[in-house]
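Below is the file my_file06.pdb, which contains PDB, C-alpha atoms, pLDDT in the B column.
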```pdb
ATOM      1  CA  MET A  23       5.467  -3.192 -20.186  1.00 71.00           C
ATOM      2  CA  ASN A  24       2.634  -0.952 -21.181  1.00 83.00           C
ATOM      3  CA  PRO A  25       3.698   1.940 -23.501  1.00 88.00           C
ATOM      4  CA  MET A  26       1.774   4.350 -21.270  1.00 91.00           C
ATOM      5  CA  TRP A  27       4.155   3.544 -18.389  1.00 86.00           C
ATOM      6  CA  LEU A  28       7.121   4.293 -20.664  1.00 90.00           C
ATOM      7  CA  MET A  29       5.639   7.703 -21.485  1.00 90.00           C
ATOM      8  CA  ARG A  30       5.032   8.366 -17.795  1.00 87.00           C
ATOM      9  CA  MET A  31       8.639   7.465 -16.965  1.00 87.00           C
ATOM     10  CA  LYS A  32       9.854   9.755 -19.779  1.00 91.00           C
ATOM     11  CA  ARG A  33       7.825  12.665 -18.413  1.00 90.00           C
ATOM     12  CA  TRP A  34       9.020  11.970 -14.876  1.00 86.00           C
ATOM     13  CA  ALA A  35      12.656  11.913 -16.045  1.00 90.00           C
ATOM     14  CA  GLN A  36      12.237  15.202 -17.924  1.00 93.00           C
ATOM     15  CA  ASN A  37      10.383  16.925 -15.086  1.00 92.00           C
ATOM     16  CA  PRO A  38      11.350  15.210 -11.802  1.00 90.00           C
ATOM     17  CA  PRO A  39       9.234  15.692  -8.670  1.00 88.00           C
ATOM     18  CA  SER A  40      10.337  18.041  -5.918  1.00 93.00           C
ATOM     19  CA  MET A  41      12.390  16.792  -2.982  1.00 94.00           C
ATOM     20  CA  ARG A  42       9.369  17.310  -0.732  1.00 96.00           C
ATOM     21  CA  GLN A  43       7.265  14.911  -2.838  1.00 92.00           C
ATOM     22  CA  VAL A  44      10.054  12.314  -2.863  1.00 91.00           C
ATOM     23  CA  ILE A  45      10.403  12.500   0.931  1.00 95.00           C
ATOM     24  CA  PHE A  46       6.622  12.216   1.326  1.00 95.00           C
ATOM     25  CA  ILE A  47       6.481   9.074  -0.848  1.00 93.00           C
ATOM     26  CA  LEU A  48       9.450   7.521   0.958  1.00 95.00           C
ATOM     27  CA  ALA A  49       7.774   8.231   4.304  1.00 97.00           C
ATOM     28  CA  ILE A  50       4.607   6.460   3.177  1.00 96.00           C
ATOM     29  CA  VAL A  51       6.634   3.455   1.986  1.00 96.00           C
ATOM     30  CA  ALA A  52       8.512   3.384   5.320  1.00 97.00           C
ATOM     31  CA  VAL A  53       5.240   3.384   7.280  1.00 96.00           C
ATOM     32  CA  CYS A  54       3.945   0.495   5.150  1.00 94.00           C
ATOM     33  CA  PHE A  55       7.135  -1.495   5.773  1.00 95.00           C
ATOM     34  CA  ALA A  56       6.917  -0.774   9.498  1.00 93.00           C
ATOM     35  CA  LEU A  57       3.297  -1.983   9.662  1.00 89.00           C
ATOM     36  CA  TYR A  58       4.231  -5.123   7.732  1.00 91.00           C
ATOM     37  CA  ALA A  59       7.174  -5.815  10.071  1.00 91.00           C
ATOM     38  CA  ILE A  60       5.033  -5.327  13.175  1.00 87.00           C
ATOM     39  CA  GLU A  61       2.353  -7.635  11.780  1.00 86.00           C
ATOM     40  CA  THR A  62       4.946 -10.272  10.866  1.00 87.00           C
ATOM     41  CA  TRP A  63       6.874 -10.259  14.152  1.00 88.00           C
ATOM     42  CA  ILE A  64       4.117  -9.557  16.665  1.00 85.00           C
ATOM     43  CA  GLY A  65       1.039 -10.791  14.826  1.00 80.00           C
ATOM     44  CA  TRP A  66      -2.402  -9.483  14.036  1.00 76.00           C
ATOM     45  CA  PRO A  67      -4.351  -8.500  17.169  1.00 75.00           C
ATOM     46  CA  ASP A  68      -7.509 -10.454  17.912  1.00 77.00           C
ATOM     47  CA  TRP A  69      -9.517  -7.285  18.501  1.00 77.00           C
ATOM     48  CA  ALA A  70      -8.834  -6.187  14.899  1.00 75.00           C
ATOM     49  CA  THR A  71     -10.157  -9.398  13.347  1.00 77.00           C
ATOM     50  CA  PRO A  72     -13.818  -9.158  12.306  1.00 76.00           C
ATOM     51  CA  ASN A  73     -16.230 -11.889  13.319  1.00 75.00           C
ATOM     52  CA  ARG A  74     -17.377 -14.094  10.470  1.00 65.00           C
ATOM     53  CA  VAL A  75     -21.106 -14.463  10.234  1.00 64.00           C
ATOM     54  CA  GLY A  76     -22.700 -16.833   7.748  1.00 58.00           C
ATOM     55  CA  GLY A  77     -19.586 -18.366   6.238  1.00 56.00           C
ATOM     56  CA  SER A  78     -17.147 -16.980   3.737  1.00 56.00           C
ATOM     57  CA  ARG A  79     -19.556 -15.437   1.264  1.00 59.00           C
ATOM     58  CA  MET A  80     -22.225 -12.880   1.731  1.00 57.00           C
ATOM     59  CA  ILE A  81     -25.796 -14.139   1.435  1.00 57.00           C
ATOM     60  CA  ARG A  82     -28.365 -11.716   0.113  1.00 57.00           C
ATOM     61  CA  PRO A  83     -31.961 -11.967   1.298  1.00 56.00           C
TER      62      PRO A  83
END
```
Please re-express this file's structure in structure tokens.
Amino acid sequence: MNPMWLMRMKRWAQNPPSMRQVIFILAIVAVCFALYAIETWIGWPDWATPNRVGGSRMIRP
């Protein structure tokens, strides 16, 4: 583990974030899990898939 992360954890333990920030972060994580679950169970919609033009890599003129 990087020593910078240890210092960040030390500062976070000494001065914890407010309950509002914790709830905000947990809400973002919950939305990400919900999107992942929807994509896993239902699948990715065809209208959201971009069309491939010219193969897998971009060709510059």
Adding 4 Å on each side of the box along x, y and z that holds all listed atoms of segment 59-71 of chain A, could you give its centre and edge lengths in Å to one decimal, as JSON?
```
{"center_x": -1.5, "center_y": -8.1, "center_z": 14.3, "size_x": 25.3, "size_y": 13.5, "size_z": 16.4}
```
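Take atom CA of Ile60 of chain A and atom CA of Phe46 of chain A: the distance between them is 21.2 Å.
Atom CA of Met23 of chain A is found 19.7 Å from atom CA of Gln36 of chain A.
In this structure, atom CA of Ile45 of chain A sits 20.9 Å away from atom CA of Lys32 of chain A.
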